[in-house]
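**Q** input.cif is the file, holding mmCIF, C-alpha atoms (C1' of nucleotides):
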data_upload
#
loop_
_atom_site.label_atom_id
_atom_site.label_comp_id
_atom_site.auth_asym_id
_atom_site.auth_seq_id
_atom_site.Cartn_x
_atom_site.Cartn_y
_atom_site.Cartn_z
CA MET A 1 -34.10 -17.02 -29.76
CA GLN A 2 -33.40 -14.84 -32.75
CA SER A 3 -30.19 -13.86 -34.48
CA PRO A 4 -30.74 -12.25 -37.83
CA ASN A 5 -27.04 -12.45 -38.56
CA GLY A 6 -24.71 -15.25 -37.46
CA ALA A 7 -22.46 -12.18 -37.03
CA ALA A 8 -18.78 -12.07 -37.90
CA GLU A 9 -18.27 -9.64 -35.08
CA LEU A 10 -20.12 -8.55 -31.97
CA THR A 11 -21.51 -5.04 -32.13
CA GLY A 12 -23.97 -2.69 -30.51
CA ASP A 13 -26.24 -4.15 -27.87
CA ASP A 14 -24.81 -7.63 -28.30
CA LEU A 15 -21.36 -6.33 -27.55
CA GLU A 16 -22.63 -4.42 -24.53
CA THR A 17 -24.34 -7.49 -23.17
CA TRP A 18 -21.42 -9.73 -23.79
CA SER A 19 -18.84 -7.46 -22.27
CA ALA A 20 -20.99 -6.94 -19.18
CA LEU A 21 -21.29 -10.69 -18.79
CA ALA A 22 -17.61 -11.24 -19.50
CA THR A 23 -16.74 -8.86 -16.68
CA VAL A 24 -18.86 -10.86 -14.26
CA LEU A 25 -17.27 -14.06 -15.51
CA GLU A 26 -13.89 -12.58 -14.68
CA TRP A 27 -14.62 -10.89 -11.36
CA LEU A 28 -17.21 -12.93 -9.55
CA PRO A 29 -15.20 -16.14 -9.14
CA THR A 30 -12.25 -14.10 -7.89
CA ALA A 31 -14.40 -12.20 -5.40
CA LEU A 32 -15.90 -15.43 -4.10
CA ASP A 33 -12.53 -17.09 -3.77
CA GLN A 34 -11.11 -14.16 -1.90
CA GLN A 35 -13.85 -14.08 0.70
CA LEU A 36 -13.68 -17.82 1.31
CA GLN A 37 -9.90 -17.87 1.30
CA ARG A 38 -9.69 -15.01 3.76
CA ASP A 39 -12.41 -16.19 6.14
CA ALA A 40 -12.10 -19.95 5.93
CA GLY A 41 -8.88 -20.85 4.14
CA VAL A 42 -10.60 -22.62 1.23
CA THR A 43 -11.20 -21.81 -2.39
CA HIS A 44 -14.73 -21.73 -3.75
CA PHE A 45 -14.04 -25.01 -5.47
CA GLU A 46 -12.85 -26.70 -2.30
CA TYR A 47 -15.80 -25.32 -0.40
CA GLY A 48 -18.05 -26.91 -3.00
CA LEU A 49 -16.43 -30.28 -2.38
CA LEU A 50 -16.75 -30.04 1.39
CA TYR A 51 -20.31 -28.85 1.08
CA ALA A 52 -21.33 -31.69 -1.22
CA LEU A 53 -19.80 -34.21 1.16
CA SER A 54 -21.46 -32.65 4.18
CA ALA A 55 -24.84 -33.09 2.50
CA ALA A 56 -24.20 -36.70 1.46
CA PRO A 57 -25.24 -39.78 3.47
CA GLU A 58 -22.42 -40.79 5.82
CA ARG A 59 -20.70 -37.63 4.59
CA THR A 60 -19.24 -39.95 1.99
CA LEU A 61 -19.12 -39.96 -1.81
CA ARG A 62 -17.22 -41.80 -4.48
CA MET A 63 -14.61 -39.57 -6.07
CA SER A 64 -16.20 -39.83 -9.49
CA VAL A 65 -19.62 -38.85 -8.14
CA LEU A 66 -18.11 -35.93 -6.29
CA ALA A 67 -16.35 -34.87 -9.47
CA GLY A 68 -19.71 -34.82 -11.18
CA TYR A 69 -21.26 -32.63 -8.51
CA ALA A 70 -18.34 -30.24 -8.65
CA ASN A 71 -18.13 -30.10 -12.46
CA SER A 72 -14.56 -31.16 -12.03
CA SER A 73 -12.15 -33.37 -13.88
CA LEU A 74 -11.02 -36.35 -11.88
CA SER A 75 -7.45 -35.19 -11.88
CA ARG A 76 -8.33 -31.79 -10.51
CA LEU A 77 -10.42 -33.45 -7.83
CA SER A 78 -7.66 -35.87 -7.00
CA ARG A 79 -5.22 -33.02 -6.34
CA ALA A 80 -7.77 -31.06 -4.35
CA ALA A 81 -8.52 -34.15 -2.27
CA SER A 82 -4.81 -34.50 -1.45
CA ARG A 83 -4.75 -30.95 -0.17
CA LEU A 84 -7.87 -31.42 1.93
CA GLU A 85 -6.48 -34.68 3.26
CA LYS A 86 -3.36 -32.87 4.39
CA LYS A 87 -5.56 -30.56 6.43
CA HIS A 88 -7.40 -33.58 7.85
CA TRP A 89 -10.70 -32.39 6.44
CA LEU A 90 -11.29 -35.55 4.48
CA GLU A 91 -10.05 -39.10 4.14
CA ARG A 92 -9.95 -41.47 1.22
CA THR A 93 -10.34 -45.23 1.29
CA PRO A 94 -11.01 -47.76 -1.45
CA ASP A 95 -14.69 -48.64 -1.72
CA PRO A 96 -15.06 -52.06 -0.06
CA ALA A 97 -17.86 -52.83 -2.53
CA ASP A 98 -15.60 -52.28 -5.54
CA GLY A 99 -11.92 -51.57 -5.14
CA ARG A 100 -11.73 -49.40 -8.23
CA TYR A 101 -13.78 -46.70 -6.58
CA THR A 102 -12.36 -44.45 -3.91
CA LEU A 103 -14.59 -43.10 -1.19
CA ALA A 104 -14.05 -39.55 -0.01
CA ILE A 105 -15.21 -39.13 3.58
CA LEU A 106 -15.61 -35.81 5.32
CA THR A 107 -14.03 -35.81 8.79
CA ASP A 108 -15.54 -34.11 11.84
CA LEU A 109 -12.98 -31.38 11.44
CA GLY A 110 -13.98 -30.96 7.81
CA GLN A 111 -17.63 -30.80 8.80
CA ARG A 112 -16.82 -28.03 11.28
CA THR A 113 -15.05 -26.10 8.57
CA VAL A 114 -18.05 -26.27 6.25
CA VAL A 115 -20.43 -25.23 8.98
CA GLU A 116 -18.26 -22.28 9.88
CA ALA A 117 -17.67 -21.21 6.29
CA THR A 118 -21.26 -21.41 5.11
CA PRO A 119 -22.78 -18.23 6.58
CA GLY A 120 -20.01 -16.02 5.25
CA HIS A 121 -20.25 -17.55 1.83
CA ALA A 122 -24.03 -17.30 1.71
CA SER A 123 -23.86 -13.70 2.75
CA THR A 124 -21.33 -12.92 0.03
CA VAL A 125 -23.55 -14.51 -2.60
CA HIS A 126 -26.41 -12.41 -1.30
CA ARG A 127 -24.44 -9.21 -1.16
CA LEU A 128 -22.84 -9.51 -4.58
CA VAL A 129 -25.63 -11.18 -6.50
CA LEU A 130 -29.06 -11.85 -5.07
CA ASP A 131 -29.53 -8.61 -3.19
CA GLN A 132 -28.68 -6.63 -6.31
CA LEU A 133 -31.59 -8.02 -8.27
CA THR A 134 -35.33 -7.61 -8.25
CA LYS A 135 -37.40 -10.72 -7.70
CA ALA A 136 -38.17 -10.83 -11.42
CA GLN A 137 -34.50 -10.53 -12.29
CA THR A 138 -33.62 -13.40 -9.98
CA VAL A 139 -36.11 -15.56 -11.81
CA GLN A 140 -34.72 -14.42 -15.15
CA LEU A 141 -31.15 -15.03 -14.09
CA ARG A 142 -32.03 -18.59 -13.18
CA GLU A 143 -33.67 -19.24 -16.54
CA ILE A 144 -30.93 -17.48 -18.49
CA SER A 145 -28.20 -19.41 -16.71
CA ARG A 146 -29.94 -22.69 -17.36
CA ARG A 147 -30.29 -21.95 -21.03
CA ILE A 148 -26.63 -21.08 -21.35
CA ALA A 149 -25.55 -24.14 -19.39
CA ARG A 150 -27.70 -26.36 -21.57
CA ALA A 151 -26.27 -24.83 -24.74
CA ILE A 152 -22.75 -25.51 -23.53
CA GLN A 153 -23.62 -29.08 -22.69
CA ASP A 154 -25.22 -29.69 -26.06
CA ASP A 155 -22.40 -28.02 -27.92
CA GLY A 156 -20.03 -30.85 -28.80
CA GLY A 157 -21.62 -33.03 -26.10
CA TRP A 158 -19.39 -31.45 -23.53
CA ARG A 159 -18.57 -32.75 -20.09
CA PRO A 160 -15.72 -31.72 -17.79
CA GLY A 161 -12.81 -33.64 -19.17
CA ALA A 162 -9.99 -36.14 -18.55
CA MET B 1 -33.56 -5.58 -4.20
CA GLN B 2 -35.07 -7.43 -1.28
CA SER B 3 -33.64 -9.99 1.06
CA PRO B 4 -35.89 -10.71 4.01
CA ASN B 5 -33.13 -12.71 5.66
CA GLY B 6 -29.42 -12.07 5.37
CA ALA B 7 -29.50 -15.89 5.28
CA ALA B 8 -27.02 -18.15 6.99
CA GLU B 9 -27.47 -20.62 4.16
CA LEU B 10 -28.77 -20.58 0.61
CA THR B 11 -32.04 -22.44 0.16
CA GLY B 12 -34.94 -22.87 -2.19
CA ASP B 13 -35.12 -20.56 -5.17
CA ASP B 14 -32.00 -18.68 -4.11
CA LEU B 15 -30.03 -21.89 -4.13
CA GLU B 16 -31.46 -22.85 -7.52
CA THR B 17 -30.51 -19.50 -8.98
CA TRP B 18 -27.09 -19.50 -7.49
CA SER B 19 -26.21 -23.00 -8.54
CA ALA B 20 -27.40 -22.34 -12.10
CA LEU B 21 -25.21 -19.25 -12.23
CA ALA B 22 -22.28 -21.05 -10.61
CA THR B 23 -22.44 -23.69 -13.34
CA VAL B 24 -22.21 -21.02 -16.01
CA LEU B 25 -19.33 -19.40 -14.16
CA GLU B 26 -17.52 -22.71 -14.29
CA TRP B 27 -18.34 -23.87 -17.81
CA LEU B 28 -18.59 -20.82 -20.01
CA PRO B 29 -15.00 -19.59 -19.66
CA THR B 30 -13.75 -23.10 -20.34
CA ALA B 31 -15.94 -23.46 -23.42
CA LEU B 32 -14.76 -20.13 -24.76
CA ASP B 33 -11.12 -20.93 -24.13
CA GLN B 34 -11.44 -24.27 -25.85
CA GLN B 35 -12.91 -22.84 -29.03
CA LEU B 36 -10.32 -20.08 -29.26
CA GLN B 37 -7.46 -22.37 -28.35
CA ARG B 38 -8.49 -24.94 -30.91
CA ASP B 39 -9.22 -22.53 -33.77
CA ALA B 40 -6.71 -19.77 -33.17
CA GLY B 41 -4.17 -20.90 -30.57
CA VAL B 42 -5.06 -18.22 -28.04
CA THR B 43 -6.87 -18.17 -24.73
CA HIS B 44 -9.91 -15.96 -24.28
CA PHE B 45 -7.79 -13.66 -22.16
CA GLU B 46 -5.09 -13.33 -24.81
CA TYR B 47 -7.71 -12.77 -27.46
CA GLY B 48 -9.04 -9.91 -25.36
CA LEU B 49 -5.60 -8.33 -25.29
CA LEU B 50 -5.07 -8.62 -29.02
CA TYR B 51 -8.56 -7.35 -29.69
CA ALA B 52 -8.13 -4.30 -27.48
CA LEU B 53 -4.85 -3.47 -29.19
CA SER B 54 -6.33 -3.92 -32.64
CA ALA B 55 -9.00 -1.36 -31.79
CA ALA B 56 -6.54 1.17 -30.35
CA PRO B 57 -4.94 4.04 -32.28
CA GLU B 58 -1.63 2.90 -33.79
CA ARG B 59 -2.60 -0.52 -32.45
CA THR B 60 -0.70 0.61 -29.37
CA LEU B 61 -1.53 0.87 -25.68
CA ARG B 62 0.39 1.37 -22.48
CA MET B 63 0.58 -1.83 -20.49
CA SER B 64 -1.28 -0.37 -17.56
CA VAL B 65 -4.11 0.85 -19.77
CA LEU B 66 -4.32 -2.52 -21.44
CA ALA B 67 -4.42 -4.16 -18.03
CA GLY B 68 -7.40 -1.98 -17.20
CA TYR B 69 -9.25 -2.98 -20.36
CA ALA B 70 -8.56 -6.64 -19.71
CA ASN B 71 -9.42 -6.55 -15.99
CA SER B 72 -5.98 -7.97 -15.44
CA SER B 73 -3.27 -7.55 -12.89
CA LEU B 74 -0.11 -6.07 -14.29
CA SER B 75 1.86 -9.16 -13.52
CA ARG B 76 -0.56 -11.42 -15.35
CA LEU B 77 -0.46 -9.06 -18.30
CA SER B 78 3.30 -8.94 -18.23
CA ARG B 79 3.54 -12.72 -18.51
CA ALA B 80 0.90 -12.86 -21.23
CA ALA B 81 2.75 -10.16 -23.15
CA SER B 82 5.94 -12.23 -23.01
CA ARG B 83 4.11 -15.17 -24.54
CA LEU B 84 2.57 -13.06 -27.28
CA GLU B 85 5.94 -11.47 -27.97
CA LYS B 86 7.46 -14.90 -28.44
CA LYS B 87 4.86 -15.54 -31.14
CA HIS B 88 5.68 -12.16 -32.71
CA TRP B 89 2.13 -10.94 -32.25
CA LEU B 90 3.16 -7.94 -30.25
CA GLU B 91 6.19 -5.89 -29.32
CA ARG B 92 7.02 -3.84 -26.26
CA THR B 93 9.07 -0.67 -26.09
CA PRO B 94 9.47 1.97 -23.41
CA ASP B 95 7.19 4.94 -23.98
CA PRO B 96 9.41 7.70 -25.42
CA ALA B 97 7.22 10.25 -23.65
CA ASP B 98 7.85 8.70 -20.23
CA GLY B 99 10.24 5.82 -19.76
CA ARG B 100 8.29 4.33 -16.88
CA TYR B 101 5.49 3.30 -19.19
CA THR B 102 5.80 0.43 -21.62
CA LEU B 103 3.96 0.50 -24.92
CA ALA B 104 2.46 -2.72 -26.22
CA ILE B 105 2.20 -2.64 -30.00
CA LEU B 106 0.27 -5.15 -32.07
CA THR B 107 2.31 -6.42 -35.04
CA ASP B 108 0.87 -7.08 -38.49
CA LEU B 109 1.01 -10.76 -37.73
CA GLY B 110 -0.87 -10.16 -34.50
CA GLN B 111 -3.47 -8.13 -36.36
CA ARG B 112 -3.98 -11.01 -38.79
CA THR B 113 -4.49 -13.38 -35.89
CA VAL B 114 -7.21 -11.20 -34.36
CA VAL B 115 -8.97 -10.79 -37.66
CA GLU B 116 -8.96 -14.51 -38.28
CA ALA B 117 -10.03 -15.41 -34.76
CA THR B 118 -12.89 -12.93 -34.45
CA PRO B 119 -15.64 -14.60 -36.49
CA GLY B 120 -15.25 -17.93 -34.74
CA HIS B 121 -15.30 -16.29 -31.35
CA ALA B 122 -18.32 -14.14 -32.15
CA SER B 123 -20.17 -17.14 -33.43
CA THR B 124 -19.40 -19.08 -30.26
CA VAL B 125 -20.70 -16.24 -28.12
CA HIS B 126 -23.84 -16.23 -30.22
CA ARG B 127 -24.30 -19.96 -30.16
CA LEU B 128 -23.74 -20.42 -26.44
CA VAL B 129 -25.24 -17.23 -25.11
CA LEU B 130 -27.06 -14.70 -27.25
CA ASP B 131 -28.97 -17.11 -29.45
CA GLN B 132 -30.30 -18.91 -26.39
CA LEU B 133 -32.09 -15.85 -25.08
CA THR B 134 -35.14 -13.88 -26.02
CA LYS B 135 -34.65 -10.23 -26.79
CA ALA B 136 -36.03 -9.34 -23.37
CA GLN B 137 -33.67 -11.76 -21.66
CA THR B 138 -30.69 -10.25 -23.45
CA VAL B 139 -31.65 -6.87 -22.09
CA GLN B 140 -32.11 -8.34 -18.62
CA LEU B 141 -28.80 -10.16 -18.74
CA ARG B 142 -27.03 -6.91 -19.54
CA GLU B 143 -28.66 -5.12 -16.64
CA ILE B 144 -28.16 -8.02 -14.24
CA SER B 145 -24.50 -8.35 -15.15
CA ARG B 146 -23.91 -4.66 -14.65
CA ARG B 147 -25.51 -4.71 -11.24
CA ILE B 148 -23.40 -7.62 -10.13
CA ALA B 149 -20.23 -6.07 -11.51
CA ARG B 150 -20.98 -2.83 -9.75
CA ALA B 151 -21.61 -4.64 -6.45
CA ILE B 152 -18.26 -6.38 -6.74
CA GLN B 153 -16.50 -3.12 -7.46
CA ASP B 154 -18.12 -1.38 -4.53
CA ASP B 155 -17.50 -4.27 -2.19
CA GLY B 156 -14.22 -3.44 -0.50
CA GLY B 157 -13.40 -0.99 -3.29
CA TRP B 158 -12.12 -3.82 -5.37
CA ARG B 159 -9.94 -3.58 -8.43
CA PRO B 160 -7.90 -6.31 -10.13
CA GLY B 161 -4.82 -6.48 -7.95
CA ALA B 162 -1.04 -6.25 -7.65
"C1'" DA C 1 -7.53 -69.53 -14.89
"C1'" DC C 2 -5.65 -66.35 -17.90
"C1'" DT C 3 -5.38 -62.80 -20.96
"C1'" DC C 4 -7.86 -58.43 -22.39
"C1'" DT C 5 -10.60 -54.48 -21.88
"C1'" DT C 6 -12.68 -51.25 -19.17
"C1'" DT C 7 -13.15 -48.21 -15.34
"C1'" DA C 8 -11.44 -45.23 -11.64
"C1'" DC C 9 -8.43 -43.05 -10.20
"C1'" DT C 10 -3.25 -40.99 -9.55
"C1'" DT C 11 0.81 -38.77 -10.94
"C1'" DG C 12 4.77 -36.44 -13.71
"C1'" DA C 13 5.70 -32.81 -16.71
"C1'" DC C 14 4.31 -28.51 -18.00
"C1'" DT C 15 1.60 -24.03 -18.27
"C1'" DG C 16 -0.44 -20.04 -16.42
"C1'" DG C 17 -1.64 -17.49 -12.44
"C1'" DT C 18 -0.55 -15.02 -7.83
"C1'" DC C 19 2.09 -12.49 -4.37
"C1'" DA C 20 6.02 -10.19 -2.87
"C1'" DA C 21 10.24 -8.33 -3.88
"C1'" DG C 22 13.05 -6.22 -7.19
"C1'" DT C 23 14.38 -2.59 -10.95
"C1'" DC C 24 14.38 1.56 -13.12
"C1'" DA C 25 12.67 6.12 -14.74
"C1'" DT C 26 10.69 10.39 -12.98
"C1'" DG C 27 9.17 14.28 -10.48
"C1'" DA C 28 9.41 16.51 -5.77
"C1'" DC C 29 11.61 18.77 -2.33
"C1'" DC C 30 15.23 20.85 0.15
"C1'" DG D 1 21.60 18.68 -7.82
"C1'" DG D 2 21.39 14.80 -4.52
"C1'" DT D 3 18.24 12.16 -2.00
"C1'" DC D 4 13.55 10.29 -1.73
"C1'" DA D 5 9.13 8.76 -2.80
"C1'" DT D 6 6.21 7.11 -6.45
"C1'" DG D 7 4.66 4.74 -10.34
"C1'" DA D 8 5.07 1.12 -13.89
"C1'" DC D 9 6.37 -2.59 -14.75
"C1'" DT D 10 9.16 -7.44 -14.27
"C1'" DT D 11 10.56 -11.50 -12.11
"C1'" DG D 12 11.43 -15.49 -8.71
"C1'" DA D 13 9.18 -18.68 -5.86
"C1'" DC D 14 5.25 -21.08 -5.42
"C1'" DC D 15 0.59 -23.12 -6.27
"C1'" DA D 16 -3.31 -24.98 -8.88
"C1'" DG D 17 -4.86 -26.84 -13.13
"C1'" DT D 18 -4.30 -29.64 -17.55
"C1'" DC D 19 -3.04 -33.48 -20.46
"C1'" DA D 20 -1.09 -37.81 -21.06
"C1'" DA D 21 0.75 -41.82 -19.29
"C1'" DG D 22 0.66 -45.12 -15.54
"C1'" DT D 23 -1.49 -48.32 -12.04
"C1'" DA D 24 -4.66 -51.34 -10.20
"C1'" DA D 25 -9.22 -53.66 -9.52
"C1'" DA D 26 -13.28 -55.83 -12.04
"C1'" DG D 27 -15.55 -58.18 -15.30
"C1'" DA D 28 -15.64 -60.65 -20.11
"C1'" DG D 29 -14.59 -63.99 -23.25
"C1'" DT D 30 -12.49 -68.51 -24.33
#
Could I get this structure in the form of structure tokens?
**A**
Amino acid sequence: MQSPNGAAELTGDDLETWSALATVLEWLPTALDQQLQRDAGVTHFEYGLLYALSAAPERTLRMSVLAGYANSSLSRLSRAASRLEKKHWLERTPDPADGRYTLAILTDLGQRTVVEATPGHASTVHRLVLDQLTKAQTVQLREISRRIARAIQDDGGWRPGA
Amino acid sequence: MQSPNGAAELTGDDLETWSALATVLEWLPTALDQQLQRDAGVTHFEYGLLYALSAAPERTLRMSVLAGYANSSLSRLSRAASRLEKKHWLERTPDPADGRYTLAILTDLGQRTVVEATPGHASTVHRLVLDQLTKAQTVQLREISRRIARAIQDDGGWRPGA
DNA sequence: ACTCTTTACTTGACTGGTCAAGTCATGACC
DNA sequence: GGTCATGACTTGACCAGTCAAGTAAAGAGT
């Protein structure tokens, strides 16, 4: 929680830490996408959508709720949903309870895709991340990530946009 | 370093850790880009290019070397270089020593941009990351990040592509 | 009941990335 | 010294994301 200087430049250990993290920020999403794309034909983002739906009651969520789960803008989600619809992995219908909402519903085919993609994805996360760390480091990583996420949220009251 | 089960699915603490990290993976690059875009008109990636050049002798690097520093594919770098050239922040010329190489040279204007952008960027990195962590956590984050990066590199002998 | 605002998307125009195919200089080999 | 492979980019076609503008259903106020 310290920072003797607000620092006009990153140097020394700070720079080391930051550039190590920046490398992960750059590589890990790509590595995840590649595995999922290769083995299941989905991006990590799309997998997240399918997974959230598969865990939801009736395998159904309102688009805006799904966007929240996926940290996604509505417009990004809308485009992704079109793609998934084309593959017959999900369907959209207006919410009968309130026609402004749109319900995204995972199809049986979509469910199968999630089920098939999950083990490979879990094993990649293990191989690239969890298995590399000691138990203590895993705990630390969780806490560190939460602190960073909270700082981002608080900074300018951020939420995923438009 | 353990992992009692190769795990067909992420659960419990593993899931908690992973989803905390995944949130950071999603939000932090966006937050960084927004600050740099707003205050200096560059993306985080472009800033990295300019910064690397500004630190190089003669403010000059071969494209392929720069791509290495930036963890970038050559084609991504090539497009980014075109954009930066249009803003007169850098110039490209064939390497006189070997015409297959292209030298990227930071202009004076480009140098000014880096210098002006650096404090704001450093302060964002502090605010969102470093200042949130204890000294011990900073050390852990560095080690954790390195382990993950190494695992990605080793996995399928990966390097940033085409 | 009719305008007016708000909410929940969707979509057109544009930007930035990828992948595969080019281009062009160079060093090798016969 | 002409062909051939290689290395270092660049570029065209395409895809995914953003931002801003558009649409359409609900509810609010009068």
**Q** Set the cut-off to 8 Å and count only C-alpha atoms (C1' of nucleotides): what are the residues of chain C that reach chain A? Output as a CSV table (one decimal) with C-alpha atoms (C1' of nucleotides), in the coordinates of the input.
**A**
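out27.csv, freshly written:
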chain,number,residue,atom,x,y,z
C,7,DT,C1',-13.2,-48.2,-15.3
C,8,DA,C1',-11.4,-45.2,-11.6
C,9,DC,C1',-8.4,-43.0,-10.2
C,10,DT,C1',-3.2,-41.0,-9.6
**Q** Given all atoms listed in the file, how would the per-residue table for chain B near chain A read, listing every residue at most 7 Å away with its closest atom pair and distance in Å to one decimal, sorted by chain and number, as CSV?
**A**
residue,atom,partner,partner_atom,distance
B:Met1,CA,A:Thr134,CA,4.9
B:Gln2,CA,A:Asp131,CA,6.0
B:Ser3,CA,A:Asp131,CA,6.1
B:Gly6,CA,A:Ser123,CA,6.4
B:Ala7,CA,A:Ser123,CA,6.6
B:Ala8,CA,A:Pro119,CA,4.3
B:Glu9,CA,A:Ala122,CA,5.4
B:Leu10,CA,A:Ala122,CA,5.9
B:Thr17,CA,A:Arg142,CA,4.6
B:Ala20,CA,A:Ser145,CA,5.5
B:Leu21,CA,A:Ser145,CA,5.4
B:Thr23,CA,A:Ala149,CA,6.8
B:Val24,CA,A:Ala149,CA,5.7
B:Leu25,CA,A:Leu25,CA,5.9
B:Thr118,CA,A:Glu9,CA,6.3
B:Pro119,CA,A:Ala8,CA,4.3
B:Ala122,CA,A:Glu9,CA,5.4
B:Ser123,CA,A:Gly6,CA,6.4
B:Leu128,CA,A:Ala151,CA,5.4
B:Val129,CA,A:Ile148,CA,5.6
B:Asp131,CA,A:Met1,CA,5.1
B:Gln132,CA,A:Met1,CA,5.4
B:Leu133,CA,A:Met1,CA,5.2
B:Thr134,CA,A:Met1,CA,5.0
B:Thr138,CA,A:Thr17,CA,6.9
B:Leu141,CA,A:Thr17,CA,6.8
B:Arg142,CA,A:Thr17,CA,4.6
B:Ile144,CA,A:Leu133,CA,6.9
B:Ser145,CA,A:Leu21,CA,5.4
B:Arg146,CA,A:Ala20,CA,5.9
B:Arg147,CA,A:Gln132,CA,6.2
B:Ile148,CA,A:Val129,CA,5.6
B:Ala149,CA,A:Val24,CA,5.7
B:Ala151,CA,A:Leu128,CA,5.4
B:Ile152,CA,A:Leu128,CA,6.0
**Q** For region 12-18 of chain C, work out the shell of residues within 9 Å, counting all atoms listed in the file and skipping chain neighbours fewer than 5 positions away, then give it as JSON, numbers by chain.
**A** {"B": [75, 76, 79, 80, 162], "D": [14, 15, 16, 17, 18, 21]}
**Q** Any chance you can output those residues with C-alpha atoms (C1' of nucleotides) as a compact mmCIF listing (two decimals), in the frame of the given file?
**A**
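File out_30.txt, as written:
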# COMPACT_ATOMS: atom_id res chain seq x y z
CA SER B 75 1.86 -9.16 -13.52
CA ARG B 76 -0.56 -11.42 -15.35
CA ARG B 79 3.54 -12.72 -18.51
CA ALA B 80 0.90 -12.86 -21.23
CA ALA B 162 -1.04 -6.25 -7.65
C1' DC D 14 5.25 -21.08 -5.42
C1' DC D 15 0.59 -23.12 -6.27
C1' DA D 16 -3.31 -24.98 -8.88
C1' DG D 17 -4.86 -26.84 -13.13
C1' DT D 18 -4.30 -29.64 -17.55
C1' DA D 21 0.75 -41.82 -19.29
**Q** Give me, as a Markdown table, the closest atom pair and its distance (Å, one decimal) for every residue of chain D within a cut-off of 8 Å of chain A, counting all atoms listed in the file, rows sorted by chain and rising number.
**A**
| residue | atom | partner | partner_atom | distance |
| --- | --- | --- | --- | --- |
| D:DG17 | C1' | A:Arg76 | CA | 6.6 |
| D:DC19 | C1' | A:Ala162 | CA | 7.7 |
| D:DA24 | C1' | A:Arg100 | CA | 7.6 |
| D:DA25 | C1' | A:Arg100 | CA | 5.1 |
| D:DA26 | C1' | A:Arg100 | CA | 7.6 |
**Q** Need to verify the contact set: DT30 (chain D), 12 Å, all atoms listed in the file, exclusion of same-chain residues closer than 5 positions in sequence. Can you return it as a JSON list (two decimals) with C-alpha atoms (C1' of nucleotides), in the coordinates of the input?
**A**
[["chain", "number", "residue", "atom", "x", "y", "z"],
["C", 1, "DA", "C1'", -7.53, -69.53, -14.89],
["C", 2, "DC", "C1'", -5.65, -66.35, -17.90],
["C", 3, "DT", "C1'", -5.38, -62.80, -20.96],
["C", 4, "DC", "C1'", -7.86, -58.43, -22.39]]
**Q** Can you give me, as a PyMOL selection string, the residues this file yields under the PyMOL selection byres ((chain B and resi 49) around 10)?
**A** chain B and resi 43-48+50-54+66-67+69-70+72+77+80-81+84+104+106+114
**Q** If you apply the PyMOL selection byres ((chain C and resi 24) around 10) to this file, what residues do you get, as number ranges by chain?
**A** B: 99-100; C: 22-23, 25-26; D: 8-9
**Q** Next, the residues of the selection above should be written as a short mmCIF file (atom, residue, chain, number, x, y, z; two decimals), keeping the file's coordinate frame with C-alpha atoms (C1' of nucleotides).
**A**
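Saved file selection.cif follows:
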data_model
loop_
_atom_site.label_atom_id
_atom_site.label_comp_id
_atom_site.auth_asym_id
_atom_site.auth_seq_id
_atom_site.Cartn_x
_atom_site.Cartn_y
_atom_site.Cartn_z
CA GLY B 99 10.24 5.82 -19.76
CA ARG B 100 8.29 4.33 -16.88
"C1'" DG C 22 13.05 -6.22 -7.19
"C1'" DT C 23 14.38 -2.59 -10.95
"C1'" DA C 25 12.67 6.12 -14.74
"C1'" DT C 26 10.69 10.39 -12.98
"C1'" DA D 8 5.07 1.12 -13.89
"C1'" DC D 9 6.37 -2.59 -14.75
#
**Q** If you measure from CA of Pro96 (chain B) to C1' of DC30 (chain C), what distance in Å do you get, rounded to one decimal?
**A** 29.3 Å
**Q** Kindly give the distance, in Å, that separates CA of Trp89 (chain A) and CA of Glu116 (chain A), rounded to a single decimal.
**A**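 Atom-to-atom, CA of Trp89 (chain A) to CA of Glu116 (chain A), that is 13.1 Å.
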**Q** What is the distance between CA of Arg92 (chain A) and CA of Ile105 (chain A), in Å to one decimal?
**A**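 One can read the CA of Arg92 (chain A) to CA of Ile105 (chain A) distance as 6.2 Å.
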**Q** With N, CA and C atoms as the goal, would you fill in the gaps in region 143-149 of chain A and present it as a compact mmCIF listing (two decimals), in the coordinates of the input?
**A**
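So the final result, stored in out_20.txt, reads:
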# COMPACT_ATOMS: atom_id res chain seq x y z
N GLU A 143 -33.30 -18.70 -15.22
CA GLU A 143 -33.67 -19.24 -16.54
C GLU A 143 -32.55 -19.00 -17.57
N ILE A 144 -32.01 -17.81 -17.56
CA ILE A 144 -30.93 -17.48 -18.49
C ILE A 144 -29.73 -18.40 -18.27
N SER A 145 -29.35 -18.57 -17.02
CA SER A 145 -28.20 -19.41 -16.71
C SER A 145 -28.43 -20.84 -17.16
N ARG A 146 -29.64 -21.31 -16.95
CA ARG A 146 -29.94 -22.69 -17.36
C ARG A 146 -29.86 -22.85 -18.87
N ARG A 147 -30.35 -21.86 -19.57
CA ARG A 147 -30.29 -21.95 -21.03
C ARG A 147 -28.85 -21.97 -21.52
N ILE A 148 -28.05 -21.12 -20.94
CA ILE A 148 -26.63 -21.08 -21.35
C ILE A 148 -25.95 -22.40 -21.02
N ALA A 149 -26.17 -22.88 -19.81
CA ALA A 149 -25.55 -24.14 -19.39
C ALA A 149 -25.96 -25.27 -20.33
